[in-house]
>>> print(open('target-v3.cif').read())   # mmCIF, C-alpha atoms
data_model
#
loop_
_atom_site.label_atom_id
_atom_site.label_comp_id
_atom_site.auth_asym_id
_atom_site.auth_seq_id
_atom_site.Cartn_x
_atom_site.Cartn_y
_atom_site.Cartn_z
CA ASP E 1 17.97 -95.23 -189.76
CA VAL E 2 21.68 -95.64 -190.22
CA LYS E 3 22.65 -95.46 -193.81
CA VAL E 4 25.77 -97.11 -195.16
CA THR E 5 26.49 -96.22 -198.75
CA GLN E 6 28.89 -98.03 -201.04
CA SER E 7 29.97 -96.06 -204.04
CA SER E 8 29.43 -98.71 -206.69
CA ARG E 9 26.99 -101.57 -207.05
CA TYR E 10 28.89 -103.32 -209.85
CA LEU E 11 32.49 -102.94 -210.97
CA VAL E 12 34.53 -104.64 -213.66
CA LYS E 13 38.30 -104.17 -213.47
CA ARG E 14 41.29 -105.62 -215.23
CA THR E 15 43.97 -107.74 -213.60
CA GLY E 16 46.69 -105.56 -212.14
CA GLU E 17 44.56 -102.46 -211.77
CA LYS E 18 44.43 -100.57 -208.47
CA VAL E 19 40.83 -100.59 -207.24
CA PHE E 20 39.20 -98.32 -204.69
CA LEU E 21 35.96 -99.28 -202.96
CA GLU E 22 34.39 -96.49 -200.97
CA CYS E 23 32.03 -96.71 -198.02
CA VAL E 24 30.34 -93.86 -196.18
CA GLN E 25 28.12 -94.00 -193.08
CA ASP E 26 26.03 -91.17 -191.74
CA MET E 27 25.59 -91.98 -188.05
CA ASP E 28 28.95 -91.12 -186.52
CA HIS E 29 29.77 -94.77 -185.83
CA GLU E 30 33.27 -95.52 -184.63
CA ASN E 31 33.55 -99.05 -185.98
CA MET E 32 33.59 -99.88 -189.67
CA PHE E 33 34.31 -103.14 -191.45
CA TRP E 34 35.03 -104.61 -194.86
CA TYR E 35 33.95 -108.15 -195.69
CA ARG E 36 33.92 -110.25 -198.78
CA GLN E 37 31.30 -112.89 -199.36
CA ASP E 38 31.75 -115.91 -201.60
CA PRO E 39 29.46 -118.90 -202.15
CA GLY E 40 30.08 -121.62 -199.58
CA LEU E 41 32.58 -119.49 -197.63
CA GLY E 42 30.25 -117.04 -195.95
CA LEU E 43 31.33 -113.59 -194.84
CA ARG E 44 35.06 -113.17 -194.31
CA LEU E 45 36.50 -110.14 -192.59
CA ILE E 46 39.19 -108.31 -194.56
CA TYR E 47 39.92 -105.28 -192.40
CA PHE E 48 38.20 -103.21 -189.78
CA SER E 49 38.66 -99.83 -188.18
CA TYR E 50 37.63 -98.90 -184.66
CA ASP E 51 38.36 -95.19 -185.05
CA VAL E 52 39.76 -92.59 -187.41
CA LYS E 53 43.20 -93.54 -188.72
CA MET E 54 43.02 -96.85 -186.85
CA LYS E 55 42.91 -100.13 -188.71
CA GLU E 56 43.20 -103.79 -187.90
CA LYS E 57 43.66 -106.82 -190.11
CA GLY E 58 40.86 -109.26 -190.31
CA ASP E 59 41.03 -112.88 -191.41
CA ILE E 60 42.04 -112.34 -195.04
CA PRO E 61 43.94 -109.03 -195.42
CA GLU E 62 46.41 -110.21 -198.07
CA GLY E 63 46.17 -108.18 -201.25
CA TYR E 64 44.12 -105.44 -199.59
CA SER E 65 44.72 -102.23 -197.71
CA VAL E 66 42.38 -99.69 -196.13
CA SER E 67 42.17 -96.02 -195.34
CA ARG E 68 40.15 -94.19 -192.74
CA GLU E 69 40.99 -90.49 -192.80
CA LYS E 70 37.53 -89.36 -191.70
CA LYS E 71 35.13 -91.02 -189.32
CA GLU E 72 32.38 -91.43 -191.87
CA ARG E 73 34.49 -92.93 -194.66
CA PHE E 74 36.28 -96.26 -194.86
CA SER E 75 37.97 -97.19 -198.11
CA LEU E 76 39.14 -100.60 -199.26
CA ILE E 77 42.01 -100.70 -201.74
CA LEU E 78 43.02 -103.59 -203.93
CA GLU E 79 46.63 -102.77 -204.70
CA SER E 80 46.83 -104.95 -207.81
CA ALA E 81 43.57 -106.67 -208.59
CA SER E 82 43.62 -110.38 -209.32
CA THR E 83 40.93 -112.72 -210.58
CA ASN E 84 40.68 -114.42 -207.18
CA GLN E 85 39.47 -111.10 -205.79
CA THR E 86 36.29 -111.36 -207.82
CA SER E 87 33.65 -111.30 -205.11
CA MET E 88 30.86 -109.43 -203.38
CA TYR E 89 32.34 -106.78 -201.06
CA LEU E 90 30.27 -105.61 -198.12
CA CYS E 91 30.96 -102.63 -195.91
CA ALA E 92 29.42 -102.42 -192.44
CA SER E 93 29.16 -99.90 -189.67
CA ARG E 94 28.50 -100.56 -186.03
CA ASP E 95 27.52 -98.66 -182.95
CA ARG E 96 28.60 -99.99 -179.56
CA GLY E 97 26.35 -102.70 -178.23
CA ASN E 98 24.48 -103.13 -181.47
CA GLY E 99 24.68 -105.21 -184.60
CA TYR E 100 26.00 -104.16 -187.95
CA THR E 101 24.35 -102.14 -190.64
CA PHE E 102 25.58 -103.18 -194.05
CA GLY E 103 25.88 -101.28 -197.27
CA SER E 104 24.21 -102.75 -200.32
CA GLY E 105 27.45 -104.31 -201.52
CA THR E 106 29.77 -104.00 -204.47
CA ARG E 107 29.96 -106.91 -206.85
CA LEU E 108 33.49 -106.77 -208.25
CA THR E 109 34.58 -108.76 -211.26
CA VAL E 110 38.28 -108.86 -212.13
CA VAL E 111 38.98 -109.98 -215.68
CA ARG S 112 35.54 -126.40 -183.88
CA LYS S 113 34.26 -123.51 -185.96
CA GLU S 114 33.31 -120.38 -184.05
CA VAL S 115 29.72 -120.25 -185.26
CA GLU S 116 28.12 -123.27 -186.89
CA GLN S 117 24.85 -123.57 -188.72
CA ASP S 118 23.19 -126.25 -190.80
CA PRO S 119 23.43 -124.84 -194.34
CA GLY S 120 20.14 -126.45 -195.41
CA PRO S 121 18.34 -125.90 -197.63
CA PHE S 122 15.19 -126.17 -195.62
CA ASN S 123 12.25 -126.52 -198.02
CA VAL S 124 8.96 -126.00 -196.23
CA PRO S 125 5.37 -125.42 -197.35
CA GLU S 126 3.61 -122.16 -196.69
CA GLY S 127 2.13 -122.06 -193.22
CA ALA S 128 4.66 -124.47 -191.74
CA THR S 129 6.72 -123.86 -188.64
CA VAL S 130 10.47 -124.13 -189.09
CA ALA S 131 13.34 -123.88 -186.62
CA PHE S 132 17.04 -123.20 -187.12
CA ASN S 133 19.76 -123.82 -184.60
CA CYS S 134 23.21 -122.37 -184.32
CA THR S 135 26.07 -123.26 -182.00
CA TYR S 136 28.96 -121.03 -180.95
CA SER S 137 32.31 -121.95 -179.46
CA ASN S 138 33.25 -118.91 -177.38
CA SER S 139 31.58 -119.17 -174.00
CA ALA S 140 32.43 -115.53 -173.31
CA SER S 141 30.25 -114.32 -176.19
CA GLN S 142 28.05 -111.46 -175.14
CA SER S 143 25.59 -110.53 -177.84
CA PHE S 144 23.68 -112.58 -180.35
CA PHE S 145 21.75 -111.75 -183.47
CA TRP S 146 19.89 -113.26 -186.39
CA TYR S 147 20.37 -111.63 -189.77
CA ARG S 148 18.43 -112.28 -192.92
CA GLN S 149 20.02 -112.14 -196.37
CA ASP S 150 18.03 -112.19 -199.58
CA CYS S 151 19.63 -113.43 -202.77
CA ARG S 152 22.27 -110.99 -204.04
CA LYS S 153 21.45 -108.47 -201.31
CA GLU S 154 23.20 -107.39 -198.14
CA PRO S 155 22.47 -109.00 -194.75
CA LYS S 156 19.91 -107.16 -192.65
CA LEU S 157 19.31 -107.42 -188.94
CA LEU S 158 16.27 -109.58 -188.24
CA MET S 159 16.40 -109.57 -184.47
CA SER S 160 18.67 -109.54 -181.47
CA VAL S 161 18.61 -112.56 -179.18
CA TYR S 162 18.16 -112.02 -175.47
CA SER S 163 18.86 -114.41 -172.62
CA SER S 164 15.20 -114.62 -171.69
CA GLY S 165 14.15 -115.28 -175.27
CA ASN S 166 12.27 -112.82 -177.39
CA GLU S 167 9.53 -112.73 -179.95
CA ASP S 168 8.78 -110.46 -182.87
CA GLY S 169 5.55 -111.39 -184.59
CA ARG S 170 5.99 -114.82 -186.15
CA PHE S 171 9.65 -114.99 -185.15
CA THR S 172 10.97 -116.28 -181.83
CA ALA S 173 14.62 -116.31 -180.82
CA GLN S 174 16.06 -118.32 -177.94
CA LEU S 175 19.48 -118.42 -176.32
CA ASN S 176 20.87 -121.31 -174.30
CA ARG S 177 24.14 -120.18 -172.77
CA ALA S 178 24.82 -123.46 -170.98
CA SER S 179 24.73 -125.38 -174.25
CA GLN S 180 26.02 -122.46 -176.32
CA TYR S 181 23.32 -122.46 -178.92
CA ILE S 182 20.84 -120.04 -180.38
CA SER S 183 17.62 -120.85 -182.14
CA LEU S 184 15.21 -119.10 -184.47
CA LEU S 185 11.62 -120.28 -184.85
CA ILE S 186 9.44 -119.07 -187.70
CA ARG S 187 5.73 -119.77 -187.43
CA ASP S 188 3.20 -119.67 -190.26
CA SER S 189 5.92 -119.41 -192.93
CA LYS S 190 5.31 -117.03 -195.83
CA LEU S 191 6.79 -117.13 -199.31
CA SER S 192 8.54 -113.88 -198.44
CA ASP S 193 10.44 -115.62 -195.64
CA SER S 194 12.56 -117.39 -198.28
CA ALA S 195 16.11 -116.20 -197.61
CA THR S 196 19.35 -117.19 -195.93
CA TYR S 197 19.40 -116.74 -192.17
CA LEU S 198 22.72 -115.87 -190.57
CA CYS S 199 23.53 -116.53 -186.94
CA VAL S 200 25.81 -113.83 -185.53
CA VAL S 201 27.77 -113.68 -182.29
CA PHE S 202 29.66 -110.86 -180.61
CA GLY S 203 32.49 -111.87 -178.32
CA ALA S 204 33.87 -110.19 -175.24
CA GLY S 205 36.82 -107.89 -175.88
CA SER S 206 36.19 -107.81 -179.60
CA TYR S 207 35.11 -105.13 -182.03
CA GLN S 208 33.73 -107.52 -184.55
CA LEU S 209 30.83 -109.85 -185.05
CA THR S 210 31.36 -113.47 -186.04
CA PHE S 211 28.98 -114.82 -188.67
CA GLY S 212 27.80 -118.31 -189.35
CA LYS S 213 27.66 -119.32 -193.00
CA GLY S 214 23.90 -119.21 -192.98
CA THR S 215 20.92 -121.51 -193.33
CA LYS S 216 18.94 -121.32 -196.53
CA LEU S 217 15.16 -121.40 -196.28
CA SER S 218 12.81 -121.88 -199.19
CA VAL S 219 9.10 -121.58 -198.52
CA ILE S 220 7.12 -123.38 -201.19
CA PRO S 221 3.56 -122.57 -202.28
#
>>> encode(input="target-v3.cif", output="structure tokens")
Amino acid sequence: DVKVTQSSRYLVKRTGEKVFLECVQDMDHENMFWYRQDPGLGLRLIYFSYDVKMKEKGDIPEGYSVSREKKERFSLILESASTNQTSMYLCASRDRGNGYTFGSGTRLTVV
Amino acid sequence: RKEVEQDPGPFNVPEGATVAFNCTYSNSASQSFFWYRQDCRKEPKLLMSVYSSGNEDGRFTAQLNRASQYISLLIRDSKLSDSATYLCVVFGAGSYQLTFGKGTKLSVIP
């Protein structure tokens, strides 16, 4: 089974802090994704990467950046955390022709 | 029109009941279709892919109607453990990403 691992299950950060969310997958998948999920809004795509060093903006990239230096690792960066970035963050990995496998999520609270 | 639309529910059904969810999608060029299940405060997990001819996995049956651009999920003999949110997911042509519906919440009641 594909495993997608997110580094933290719960995080509490202060407004203005720089926050790094890490995601690692172990099946050599080319495509990786970062979503946030909020009640009533569903899953919203922040950024995705279709290969090493490649990145594309999703629907809500403002306030975020990403890094993909190695195929197995896709990092989401909140440059200056704000309270409206309090959310559940989900990383996913995908092989061609198949659905996503998600990590277990990081519940981020910005205070 | 939203890309993937689902009735948010909640659907409250007794154990043993049969329940069906529908989902419509706007992109006629969509190629692949999935149902995901998400338990409270957990990540979504793939329940089943949806094939043009329809497919079944135990108590679960998925159907695709390309002409009408909708997908359905039928759950027979509902169990308490089926309580979750069910997400309809569509993969479009020329895209790297999946498009998710907002989900339909199911509660199976004893």
>>> resolve_selection(input="target-v3.cif", expression="the PyMOL selection byres ((chain S) within 12 of (chain E))", output="ChimeraX atom specification")
/S:115-117,119-120,142-161,196-216
>>> atom_distance(input="target-v3.cif", atom1="CA of Gly16 (chain E)", atom2="CA of Asp38 (chain E)")
21.0 Å
>>> resolve_selection(input="target-v3.cif", expression="the PyMOL selection byres ((chain S and resi 130-137) around 7)", output="list in words")
Lys113, Glu114, Val115, Glu116, Gln117, Ala128, Thr129, Asn138, Ser139, Gln180, Tyr181, Ile182, Ser183, Leu184, Leu185, Ile186, Arg187 and Cys199 of chain S
>>> closest_residue(input="target-v3.cif", among="E:Gln25, E:Thr15, E:Ser93, E:Ser8", to="Glu79 (chain E)", atoms="only C-alpha atoms")
E:Thr15
>>> atom_distance(input="target-v3.cif", atom1="CA of Tyr64 (chain E)", atom2="CA of Asp51 (chain E)")
18.7 Å
>>> atom_distance(input="target-v3.cif", atom1="CA of Val124 (chain S)", atom2="CA of Leu191 (chain S)")
9.6 Å
>>> resolve_selection(input="target-v3.cif", expression="the PyMOL selection byres ((chain E and resi 82) around 10)", output="list of chain:residue names")
E:Lys13, E:Arg14, E:Thr15, E:Gly16, E:Glu17, E:Lys18, E:Gly63, E:Leu78, E:Glu79, E:Ser80, E:Ala81, E:Thr83, E:Asn84, E:Gln85, E:Thr86, E:Thr109, E:Val110, E:Val111
>>> residues_around(input="target-v3.cif", residues="Val52 (chain E)", least_positions_apart="4", cutoff="10 Å", atoms="all atoms listed in the file", output="list in words")
Glu30, Asn31, Met32, Ser67, Arg68, Glu69, Lys70, Lys71, Glu72, Arg73 and Phe74 of chain E
>>> residues_around(input="target-v3.cif", residues="Ser163 (chain S)", least_positions_apart="6", cutoff="9 Å", atoms="all atoms listed in the file", output="ChimeraX atom specification")
/S:174-177
